[in-house]
>>> print(open('data-v7.cif').read())   # mmCIF, N, CA and C atoms and all ligand atoms
data_my_file
loop_
_atom_site.label_atom_id
_atom_site.label_comp_id
_atom_site.auth_asym_id
_atom_site.auth_seq_id
_atom_site.Cartn_x
_atom_site.Cartn_y
_atom_site.Cartn_z
N MET X 173 -14.96 2.13 -17.40
CA MET X 173 -14.88 1.21 -16.26
C MET X 173 -14.14 1.92 -15.13
N TYR X 174 -12.99 1.37 -14.68
CA TYR X 174 -12.27 2.03 -13.60
C TYR X 174 -11.54 3.27 -14.12
N LYS X 175 -11.62 4.33 -13.32
CA LYS X 175 -11.00 5.60 -13.74
C LYS X 175 -9.95 6.09 -12.76
N ASN X 176 -10.05 5.60 -11.52
CA ASN X 176 -9.23 6.18 -10.46
C ASN X 176 -8.78 5.05 -9.51
N ILE X 177 -7.64 4.49 -9.84
CA ILE X 177 -7.20 3.27 -9.14
C ILE X 177 -6.17 3.63 -8.07
N LEU X 178 -6.33 3.00 -6.91
CA LEU X 178 -5.36 3.20 -5.83
C LEU X 178 -4.60 1.89 -5.59
N LEU X 179 -3.29 1.96 -5.75
CA LEU X 179 -2.41 0.82 -5.43
C LEU X 179 -1.88 1.01 -4.01
N ALA X 180 -2.08 -0.02 -3.18
CA ALA X 180 -1.52 0.00 -1.83
C ALA X 180 -0.38 -1.00 -1.79
N SER X 181 0.82 -0.52 -1.47
CA SER X 181 1.96 -1.43 -1.43
C SER X 181 2.75 -1.26 -0.14
N ASP X 182 3.13 -2.40 0.44
CA ASP X 182 4.07 -2.37 1.57
C ASP X 182 5.50 -2.54 1.06
N PHE X 183 5.64 -2.56 -0.28
CA PHE X 183 6.93 -2.69 -0.95
C PHE X 183 7.65 -4.00 -0.61
N SER X 184 6.90 -5.00 -0.22
CA SER X 184 7.47 -6.33 -0.01
C SER X 184 7.57 -7.03 -1.36
N PRO X 185 8.41 -8.08 -1.45
CA PRO X 185 8.46 -8.84 -2.71
C PRO X 185 7.07 -9.38 -3.07
N GLU X 186 6.27 -9.71 -2.06
CA GLU X 186 4.92 -10.25 -2.32
C GLU X 186 4.03 -9.20 -3.02
N ALA X 187 4.21 -7.95 -2.66
CA ALA X 187 3.34 -6.90 -3.21
C ALA X 187 3.71 -6.55 -4.65
N GLU X 188 4.85 -7.03 -5.12
CA GLU X 188 5.28 -6.62 -6.47
C GLU X 188 4.33 -7.09 -7.56
N ARG X 189 3.75 -8.27 -7.36
CA ARG X 189 2.74 -8.74 -8.34
C ARG X 189 1.56 -7.78 -8.39
N ALA X 190 1.15 -7.32 -7.21
CA ALA X 190 0.02 -6.38 -7.14
C ALA X 190 0.40 -5.06 -7.82
N GLU X 191 1.64 -4.64 -7.63
CA GLU X 191 2.09 -3.39 -8.26
C GLU X 191 1.98 -3.51 -9.78
N ARG X 192 2.49 -4.63 -10.30
CA ARG X 192 2.48 -4.80 -11.77
C ARG X 192 1.04 -4.90 -12.28
N ARG X 193 0.19 -5.61 -11.52
CA ARG X 193 -1.20 -5.78 -11.94
C ARG X 193 -1.93 -4.43 -11.94
N ALA X 194 -1.67 -3.62 -10.93
CA ALA X 194 -2.32 -2.30 -10.86
C ALA X 194 -1.94 -1.46 -12.09
N ALA X 195 -0.65 -1.52 -12.45
CA ALA X 195 -0.19 -0.77 -13.62
C ALA X 195 -0.88 -1.29 -14.90
N GLU X 196 -1.00 -2.61 -15.01
CA GLU X 196 -1.65 -3.20 -16.20
C GLU X 196 -3.11 -2.78 -16.29
N VAL X 197 -3.80 -2.85 -15.14
CA VAL X 197 -5.24 -2.51 -15.14
C VAL X 197 -5.41 -1.02 -15.47
N ALA X 198 -4.55 -0.18 -14.91
CA ALA X 198 -4.64 1.26 -15.19
C ALA X 198 -4.44 1.52 -16.68
N GLN X 199 -3.47 0.81 -17.27
CA GLN X 199 -3.23 1.01 -18.71
C GLN X 199 -4.41 0.52 -19.53
N LYS X 200 -4.93 -0.64 -19.13
CA LYS X 200 -6.05 -1.23 -19.89
C LYS X 200 -7.26 -0.30 -19.90
N TYR X 201 -7.56 0.30 -18.76
CA TYR X 201 -8.75 1.15 -18.66
C TYR X 201 -8.43 2.63 -18.86
N ASP X 202 -7.18 2.93 -19.17
CA ASP X 202 -6.77 4.32 -19.32
C ASP X 202 -7.17 5.12 -18.07
N ALA X 203 -6.91 4.51 -16.93
CA ALA X 203 -7.31 5.10 -15.65
C ALA X 203 -6.13 5.83 -15.01
N GLN X 204 -6.47 6.72 -14.08
CA GLN X 204 -5.41 7.35 -13.29
C GLN X 204 -5.01 6.41 -12.16
N LEU X 205 -3.73 6.45 -11.84
CA LEU X 205 -3.21 5.54 -10.83
C LEU X 205 -2.58 6.34 -9.70
N SER X 206 -2.95 6.01 -8.47
CA SER X 206 -2.32 6.62 -7.29
C SER X 206 -1.69 5.51 -6.46
N LEU X 207 -0.76 5.91 -5.60
CA LEU X 207 -0.01 4.95 -4.81
C LEU X 207 0.02 5.38 -3.35
N ILE X 208 -0.28 4.43 -2.47
CA ILE X 208 -0.15 4.70 -1.03
C ILE X 208 0.73 3.65 -0.38
N HIS X 209 1.55 4.12 0.54
CA HIS X 209 2.31 3.24 1.43
C HIS X 209 2.10 3.76 2.85
N VAL X 210 1.87 2.84 3.75
CA VAL X 210 1.63 3.25 5.14
C VAL X 210 2.80 2.80 6.01
N VAL X 211 3.39 3.76 6.69
CA VAL X 211 4.45 3.43 7.66
C VAL X 211 3.74 2.90 8.90
N ASP X 212 4.00 1.63 9.12
CA ASP X 212 3.27 0.87 10.14
C ASP X 212 3.97 1.03 11.49
N TYR X 213 3.92 2.24 11.99
CA TYR X 213 4.65 2.54 13.23
C TYR X 213 3.85 3.56 14.02
N TYR X 214 3.73 3.35 15.28
CA TYR X 214 2.95 4.25 16.12
C TYR X 214 3.84 4.83 17.20
N PRO X 215 3.77 6.11 17.45
CA PRO X 215 4.61 6.71 18.48
C PRO X 215 4.47 6.00 19.83
N SER X 216 3.30 5.43 20.10
CA SER X 216 3.10 4.77 21.40
C SER X 216 4.03 3.56 21.57
N MET X 217 4.52 3.02 20.42
CA MET X 217 5.44 1.88 20.51
C MET X 217 6.69 2.27 21.31
N GLN X 218 7.00 3.55 21.28
CA GLN X 218 8.20 3.99 22.01
C GLN X 218 8.06 3.71 23.50
N LEU X 219 6.83 3.71 23.96
CA LEU X 219 6.62 3.51 25.39
C LEU X 219 6.82 2.05 25.78
N GLU X 220 6.78 1.18 24.77
CA GLU X 220 6.80 -0.23 25.10
C GLU X 220 8.20 -0.83 25.18
N GLY X 221 9.20 -0.02 25.09
CA GLY X 221 10.55 -0.57 25.31
C GLY X 221 11.48 -0.35 24.16
N GLY X 222 11.96 -1.48 23.59
CA GLY X 222 13.06 -1.51 22.64
C GLY X 222 13.24 -0.33 21.70
N LEU X 223 12.18 0.02 20.98
CA LEU X 223 12.36 1.01 19.93
C LEU X 223 12.76 2.38 20.48
N ALA X 224 12.47 2.63 21.74
CA ALA X 224 12.83 3.92 22.32
C ALA X 224 14.35 4.11 22.30
N MET X 225 15.07 2.99 22.20
CA MET X 225 16.52 3.06 22.22
C MET X 225 17.07 3.51 20.86
N LEU X 226 16.28 3.38 19.81
CA LEU X 226 16.77 3.73 18.48
C LEU X 226 16.53 5.21 18.23
N PRO X 227 17.59 5.98 17.98
CA PRO X 227 17.39 7.41 17.77
C PRO X 227 16.70 7.68 16.43
N ASN X 228 15.86 8.69 16.39
CA ASN X 228 15.21 9.16 15.16
C ASN X 228 14.53 8.05 14.37
N ILE X 229 13.93 7.12 15.06
CA ILE X 229 13.35 5.97 14.36
C ILE X 229 12.27 6.41 13.35
N GLU X 230 11.46 7.39 13.77
CA GLU X 230 10.38 7.83 12.87
C GLU X 230 10.95 8.44 11.60
N GLU X 231 11.96 9.29 11.80
CA GLU X 231 12.58 9.95 10.65
C GLU X 231 13.20 8.92 9.71
N ARG X 232 13.85 7.93 10.29
CA ARG X 232 14.50 6.92 9.46
C ARG X 232 13.48 6.06 8.72
N LEU X 233 12.37 5.74 9.38
CA LEU X 233 11.31 4.97 8.71
C LEU X 233 10.71 5.78 7.56
N ASN X 234 10.55 7.07 7.79
CA ASN X 234 9.98 7.92 6.73
C ASN X 234 10.93 8.02 5.54
N GLU X 235 12.22 8.14 5.83
CA GLU X 235 13.21 8.21 4.73
C GLU X 235 13.20 6.91 3.93
N LYS X 236 13.16 5.79 4.65
CA LYS X 236 13.14 4.48 3.98
C LYS X 236 11.88 4.35 3.13
N ALA X 237 10.76 4.79 3.68
CA ALA X 237 9.49 4.71 2.94
C ALA X 237 9.58 5.53 1.65
N GLN X 238 10.17 6.71 1.74
CA GLN X 238 10.29 7.56 0.55
C GLN X 238 11.22 6.91 -0.49
N GLU X 239 12.32 6.32 -0.01
CA GLU X 239 13.24 5.63 -0.93
C GLU X 239 12.53 4.47 -1.63
N ASP X 240 11.80 3.69 -0.83
CA ASP X 240 11.08 2.54 -1.40
C ASP X 240 10.01 2.99 -2.39
N MET X 241 9.37 4.12 -2.06
CA MET X 241 8.33 4.63 -2.96
C MET X 241 8.96 5.09 -4.27
N ASP X 242 10.07 5.79 -4.19
CA ASP X 242 10.76 6.24 -5.41
C ASP X 242 11.16 5.04 -6.27
N ALA X 243 11.65 3.98 -5.60
CA ALA X 243 12.07 2.78 -6.34
C ALA X 243 10.87 2.13 -7.02
N CYS X 244 9.74 2.10 -6.34
CA CYS X 244 8.52 1.51 -6.91
C CYS X 244 8.06 2.29 -8.14
N ILE X 245 8.09 3.63 -8.02
CA ILE X 245 7.67 4.48 -9.14
C ILE X 245 8.59 4.25 -10.35
N ALA X 246 9.90 4.15 -10.08
CA ALA X 246 10.87 3.92 -11.16
C ALA X 246 10.66 2.55 -11.79
N ARG X 247 10.40 1.56 -10.94
CA ARG X 247 10.21 0.17 -11.41
C ARG X 247 9.01 0.07 -12.35
N LEU X 248 7.94 0.76 -12.00
CA LEU X 248 6.71 0.64 -12.80
C LEU X 248 6.72 1.58 -13.99
N SER X 249 7.59 2.56 -13.96
CA SER X 249 7.64 3.64 -14.96
C SER X 249 6.25 4.07 -15.42
N MET X 250 5.44 4.41 -14.44
CA MET X 250 4.09 4.94 -14.69
C MET X 250 4.03 6.36 -14.13
N THR X 251 3.10 7.15 -14.67
CA THR X 251 2.85 8.45 -14.07
C THR X 251 1.76 8.28 -13.03
N PHE X 252 2.04 8.70 -11.80
CA PHE X 252 1.04 8.57 -10.72
C PHE X 252 0.32 9.89 -10.52
N LYS X 253 -0.99 9.81 -10.36
CA LYS X 253 -1.77 11.03 -10.09
C LYS X 253 -1.42 11.54 -8.70
N ASN X 254 -1.44 10.65 -7.71
CA ASN X 254 -1.09 11.01 -6.33
C ASN X 254 -0.17 9.93 -5.78
N THR X 255 0.77 10.35 -4.95
CA THR X 255 1.52 9.38 -4.15
C THR X 255 1.43 9.86 -2.70
N HIS X 256 1.29 8.90 -1.80
CA HIS X 256 1.04 9.30 -0.41
C HIS X 256 1.71 8.33 0.55
N ILE X 257 2.43 8.87 1.52
CA ILE X 257 2.96 8.06 2.62
C ILE X 257 2.14 8.40 3.86
N GLY X 258 1.41 7.38 4.35
CA GLY X 258 0.56 7.58 5.51
C GLY X 258 1.17 6.94 6.74
N HIS X 259 0.53 7.19 7.87
CA HIS X 259 1.02 6.66 9.15
C HIS X 259 -0.15 6.12 9.95
N GLY X 260 0.08 4.96 10.56
CA GLY X 260 -0.97 4.39 11.42
C GLY X 260 -1.30 2.98 11.01
N PRO X 261 -2.46 2.50 11.43
CA PRO X 261 -2.87 1.13 11.08
C PRO X 261 -3.16 1.06 9.58
N PRO X 262 -2.43 0.23 8.80
CA PRO X 262 -2.52 0.29 7.34
C PRO X 262 -3.94 0.23 6.77
N LYS X 263 -4.78 -0.70 7.26
CA LYS X 263 -6.09 -0.84 6.57
C LYS X 263 -6.91 0.45 6.69
N GLY X 264 -6.93 1.05 7.87
CA GLY X 264 -7.72 2.27 8.07
C GLY X 264 -7.17 3.43 7.26
N VAL X 265 -5.85 3.53 7.22
CA VAL X 265 -5.22 4.63 6.49
C VAL X 265 -5.47 4.46 4.98
N ILE X 266 -5.37 3.22 4.50
CA ILE X 266 -5.62 2.95 3.06
C ILE X 266 -7.06 3.32 2.71
N ILE X 267 -8.00 2.88 3.54
CA ILE X 267 -9.42 3.16 3.26
C ILE X 267 -9.70 4.67 3.29
N ASP X 268 -9.20 5.36 4.31
CA ASP X 268 -9.44 6.81 4.40
C ASP X 268 -8.90 7.52 3.16
N TYR X 269 -7.72 7.10 2.73
CA TYR X 269 -7.12 7.76 1.56
C TYR X 269 -7.91 7.42 0.29
N ALA X 270 -8.33 6.16 0.17
CA ALA X 270 -9.15 5.78 -1.00
C ALA X 270 -10.42 6.63 -1.07
N ASN X 271 -11.04 6.85 0.09
CA ASN X 271 -12.25 7.69 0.12
C ASN X 271 -11.91 9.13 -0.25
N GLU X 272 -10.80 9.60 0.29
CA GLU X 272 -10.41 11.00 0.05
C GLU X 272 -10.20 11.28 -1.44
N ILE X 273 -9.53 10.36 -2.12
CA ILE X 273 -9.25 10.60 -3.55
C ILE X 273 -10.35 10.01 -4.44
N GLU X 274 -11.39 9.46 -3.81
CA GLU X 274 -12.53 8.88 -4.53
C GLU X 274 -12.08 7.78 -5.49
N ALA X 275 -11.23 6.90 -4.98
CA ALA X 275 -10.78 5.76 -5.79
C ALA X 275 -11.98 4.86 -6.10
N ASP X 276 -11.98 4.29 -7.31
CA ASP X 276 -13.05 3.33 -7.64
C ASP X 276 -12.53 1.89 -7.64
N LEU X 277 -11.24 1.72 -7.42
CA LEU X 277 -10.66 0.38 -7.28
C LEU X 277 -9.40 0.48 -6.41
N ILE X 278 -9.31 -0.40 -5.43
CA ILE X 278 -8.08 -0.52 -4.63
C ILE X 278 -7.41 -1.83 -5.05
N VAL X 279 -6.12 -1.76 -5.37
CA VAL X 279 -5.37 -2.97 -5.72
C VAL X 279 -4.33 -3.21 -4.63
N LEU X 280 -4.32 -4.42 -4.11
CA LEU X 280 -3.30 -4.80 -3.13
C LEU X 280 -2.97 -6.27 -3.28
N GLY X 281 -1.94 -6.72 -2.57
CA GLY X 281 -1.57 -8.13 -2.63
C GLY X 281 -2.44 -8.94 -1.67
N SER X 282 -2.61 -10.22 -1.98
CA SER X 282 -3.34 -11.08 -1.03
C SER X 282 -2.54 -11.24 0.26
N HIS X 283 -1.22 -11.11 0.14
CA HIS X 283 -0.33 -11.18 1.30
C HIS X 283 0.79 -10.17 1.12
N GLY X 284 1.40 -9.83 2.24
CA GLY X 284 2.52 -8.89 2.19
C GLY X 284 3.57 -9.25 3.20
N ARG X 285 4.09 -8.22 3.82
CA ARG X 285 5.19 -8.43 4.78
C ARG X 285 4.82 -9.35 5.92
N HIS X 286 3.53 -9.44 6.19
CA HIS X 286 3.12 -10.26 7.33
C HIS X 286 3.12 -11.75 7.02
N GLY X 287 3.45 -12.12 5.78
CA GLY X 287 3.63 -13.53 5.45
C GLY X 287 2.37 -14.22 4.98
N LEU X 288 2.52 -15.53 4.74
CA LEU X 288 1.45 -16.29 4.09
C LEU X 288 0.62 -17.11 5.09
N GLY X 289 0.71 -16.80 6.35
CA GLY X 289 0.03 -17.60 7.37
C GLY X 289 -1.47 -17.69 7.20
N LEU X 290 -2.09 -16.58 6.85
CA LEU X 290 -3.56 -16.56 6.73
C LEU X 290 -3.97 -16.83 5.29
N LEU X 291 -5.22 -17.26 5.12
CA LEU X 291 -5.77 -17.48 3.78
C LEU X 291 -5.66 -16.19 2.97
N LEU X 292 -6.02 -15.11 3.60
CA LEU X 292 -5.87 -13.77 3.03
C LEU X 292 -5.24 -12.94 4.14
N GLY X 293 -4.24 -12.12 3.80
CA GLY X 293 -3.55 -11.36 4.84
C GLY X 293 -4.48 -10.43 5.60
N SER X 294 -4.03 -9.95 6.73
CA SER X 294 -4.90 -9.15 7.60
C SER X 294 -5.22 -7.78 7.00
N THR X 295 -4.26 -7.18 6.32
CA THR X 295 -4.54 -5.88 5.69
C THR X 295 -5.52 -6.09 4.54
N ALA X 296 -5.25 -7.12 3.74
CA ALA X 296 -6.14 -7.42 2.60
C ALA X 296 -7.56 -7.70 3.10
N THR X 297 -7.69 -8.49 4.14
CA THR X 297 -9.01 -8.82 4.68
C THR X 297 -9.71 -7.57 5.19
N GLY X 298 -8.97 -6.76 5.95
CA GLY X 298 -9.57 -5.54 6.52
C GLY X 298 -10.06 -4.60 5.44
N VAL X 299 -9.22 -4.41 4.40
CA VAL X 299 -9.59 -3.48 3.32
C VAL X 299 -10.82 -4.02 2.59
N LEU X 300 -10.82 -5.34 2.31
CA LEU X 300 -11.98 -5.94 1.62
C LEU X 300 -13.28 -5.72 2.40
N HIS X 301 -13.18 -5.80 3.72
CA HIS X 301 -14.39 -5.68 4.54
C HIS X 301 -14.96 -4.27 4.59
N ILE X 302 -14.08 -3.28 4.56
CA ILE X 302 -14.61 -1.93 4.80
C ILE X 302 -14.56 -0.99 3.60
N ALA X 303 -13.96 -1.42 2.50
CA ALA X 303 -13.88 -0.51 1.34
C ALA X 303 -15.27 -0.23 0.78
N ARG X 304 -15.43 1.02 0.30
CA ARG X 304 -16.68 1.38 -0.37
C ARG X 304 -16.62 1.04 -1.85
N CYS X 305 -15.39 0.85 -2.36
CA CYS X 305 -15.23 0.60 -3.80
C CYS X 305 -14.78 -0.86 -4.01
N ASP X 306 -14.58 -1.24 -5.26
CA ASP X 306 -14.09 -2.58 -5.55
C ASP X 306 -12.66 -2.74 -5.03
N VAL X 307 -12.32 -3.98 -4.72
CA VAL X 307 -10.97 -4.29 -4.24
C VAL X 307 -10.43 -5.47 -5.05
N LEU X 308 -9.24 -5.31 -5.59
CA LEU X 308 -8.58 -6.42 -6.29
C LEU X 308 -7.42 -6.90 -5.42
N ALA X 309 -7.58 -8.11 -4.87
CA ALA X 309 -6.52 -8.70 -4.05
C ALA X 309 -5.74 -9.65 -4.95
N VAL X 310 -4.56 -9.25 -5.36
CA VAL X 310 -3.77 -10.02 -6.32
C VAL X 310 -3.09 -11.18 -5.60
N ARG X 311 -3.38 -12.37 -6.07
CA ARG X 311 -2.90 -13.59 -5.41
C ARG X 311 -1.37 -13.64 -5.43
N VAL X 312 -0.80 -13.79 -4.27
CA VAL X 312 0.64 -13.98 -4.18
C VAL X 312 0.94 -15.45 -4.35
N GLN X 313 1.87 -15.74 -5.26
CA GLN X 313 2.18 -17.14 -5.52
C GLN X 313 2.99 -17.75 -4.39
N GLU X 314 2.60 -18.96 -3.99
CA GLU X 314 3.28 -19.63 -2.87
C GLU X 314 4.37 -20.54 -3.40
P1 LIG X 401 -1.10 -8.22 4.48
O1 LIG X 401 -2.58 -8.45 4.48
O2 LIG X 401 -0.64 -7.28 5.57
O3 LIG X 401 -0.29 -9.48 4.41
O4 LIG X 401 -0.77 -7.40 3.15
C1 LIG X 401 -1.52 -7.63 1.97
C2 LIG X 401 -1.28 -6.49 1.01
O5 LIG X 401 -1.78 -5.27 1.60
C3 LIG X 401 0.18 -6.19 0.64
O6 LIG X 401 0.64 -7.03 -0.41
C4 LIG X 401 0.07 -4.74 0.21
O7 LIG X 401 -0.46 -4.68 -1.12
C5 LIG X 401 -0.98 -4.18 1.18
N1 LIG X 401 -0.35 -3.60 2.37
C6 LIG X 401 -0.02 -4.25 3.53
N2 LIG X 401 0.57 -3.41 4.38
C7 LIG X 401 0.63 -2.21 3.76
C8 LIG X 401 1.19 -0.93 4.10
N3 LIG X 401 1.79 -0.74 5.26
N4 LIG X 401 1.07 0.08 3.21
C9 LIG X 401 0.45 -0.13 2.02
N5 LIG X 401 -0.06 -1.30 1.63
C10 LIG X 401 0.03 -2.32 2.47
#
>>> encode(input="data-v7.cif", output="structure tokens")
Amino acid sequence: MYKNILLASDFSPEAERAERRAAEVAQKYDAQLSLIHVVDYYPSMQLEGGLAMLPNIEERLNEKAQEDMDACIARLSMTFKNTHIGHGPPKGVIIDYANEIEADLIVLGSHGRHGLGLLLGSTATGVLHIARCDVLAVRVQE
């Protein structure tokens, strides 16, 4: 069945269910598991005001992303085939990476940091619409 699973996590409490589910599915199918996190920050934001005042914002976001990724890997105690920190609009970066590693399943949460406002979160919706492979959107409990 699935052989090459990609877990996308924003490391929010909501995504933790998706993280655990991805690990369970990988174990069940004896599949390889990869992990992506996208730093949702664009250099152009600096031009728009506030963030330009924060020194080394990009560096600090990258450090935080790496810390969160290390914590996720430790939490799941799984061996990951690939781990990747990307930059840019999350849905596009997740899809490009899934294509690059030829993932046959993307696992993500139905909602994440952006909250429960929509029926399905915007990243989850975007990935579902454009993925070439299956997508498992793990329901976040309300
Ligand atoms: P959202 O649709 O943005 O509420 O997020 C739904 C799910 O998409 C989250 O639970 C994560 O699994 C995934 N996701 C959202 N943002 C990111 C991100 N920046 N990097 C990786 N995965 C993400």
>>> atom_distance(input="data-v7.cif", atom1="atom CA of X:Glu231", atom2="atom C of X:Gly260")
15.5 Å
>>> residues_near_ligand(input="data-v7.cif", ligand="ligand LIG 401 (chain X)", cutoff="6.5 Å", atoms="only N, CA and C atoms and all ligand atoms", output="number ranges by chain")
X: 179-183, 186-188, 190, 208-212, 262, 279-287, 292-297
>>> atom_distance(input="data-v7.cif", atom1="atom C of X:Ser249", atom2="atom CA of X:Asp306")
23.6 Å
>>> select_by_dssp(input="data-v7.cif", residues="stretch 217-282 of chain X", states="helix (DSSP H, G or I)", output="PyMOL selection string")
chain X and resi 217-220+222-225+229-248+262-272
>>> atom_distance(input="data-v7.cif", atom1="atom CA of X:Glu235", atom2="atom C of X:Leu207")
15.7 Å
>>> closest_residue(input="data-v7.cif", among="X:Leu277, X:Leu178, X:Met241, X:Ala203", to="X:Cys305", atoms="only N, CA and C atoms")
X:Leu277
>>> axis_aligned_box(input="data-v7.cif", around="stretch 265-284 of chain X", padding_each_side="4 Å", output="JSON")
{"center_x": -4.7, "center_y": 0.0, "center_z": -0.2, "size_x": 24.6, "size_y": 30.5, "size_z": 22.9}
>>> select_by_dssp(input="data-v7.cif", residues="stretch 185-266 of chain X", states="strand (DSSP E or B)", output="NGL selection string")
:X and (204-211 or 255-259)
>>> closest_residue(input="data-v7.cif", among="X:Ala198, X:Leu300, X:Val312, X:Ile229", to="X:Asn176", atoms="all atoms listed in the file")
X:Ala198
>>> closest_residue(input="data-v7.cif", among="X:Lys200, X:His301, X:Arg247, X:Arg232", to="X:Tyr174", atoms="all atoms listed in the file")
X:Lys200
>>> closest_residue(input="data-v7.cif", among="X:Ala303, X:Leu291, X:Leu233, X:Ala275", to="X:Lys175", atoms="only C-alpha atoms")
X:Ala275
>>> closest_residue(input="data-v7.cif", among="X:Gln199, X:Gly298, X:Cys244, X:Tyr213", to="X:Gly258", atoms="all atoms listed in the file")
X:Tyr213
>>> closest_residue(input="data-v7.cif", among="X:Val310, X:Met250, X:Ile266, X:Ile245", to="X:Arg193", atoms="all atoms listed in the file")
X:Val310
>>> decode(input="data-v7.cif", residues="stretch 274-287 of chain X", atoms="C-alpha atoms", output="mmCIF file, in the first residue's frame")
data_model
loop_
_atom_site.group_PDB
_atom_site.id
_atom_site.type_symbol
_atom_site.label_atom_id
_atom_site.label_comp_id
_atom_site.auth_asym_id
_atom_site.auth_seq_id
_atom_site.Cartn_x
_atom_site.Cartn_y
_atom_site.Cartn_z
ATOM 1 C CA GLU X 274 7.641 11.011 -4.740
ATOM 2 C CA ALA X 275 5.426 10.722 -1.674
ATOM 3 C CA ASP X 276 2.388 8.482 -2.138
ATOM 4 C CA LEU X 277 0.522 9.908 0.870
ATOM 5 C CA ILE X 278 0.556 13.337 2.517
ATOM 6 C CA VAL X 279 -0.684 13.461 6.121
ATOM 7 C CA LEU X 280 -1.696 16.769 7.679
ATOM 8 C CA GLY X 281 -4.164 18.145 10.189
ATOM 9 C CA SER X 282 -7.609 19.354 9.157
ATOM 10 C CA HIS X 283 -6.656 22.547 11.006
ATOM 11 C CA GLY X 284 -3.496 24.088 12.353
ATOM 12 C CA ARG X 285 -2.156 27.355 13.619
ATOM 13 C CA HIS X 286 -4.703 29.257 11.599
ATOM 14 C CA GLY X 287 -7.499 27.990 13.851
#
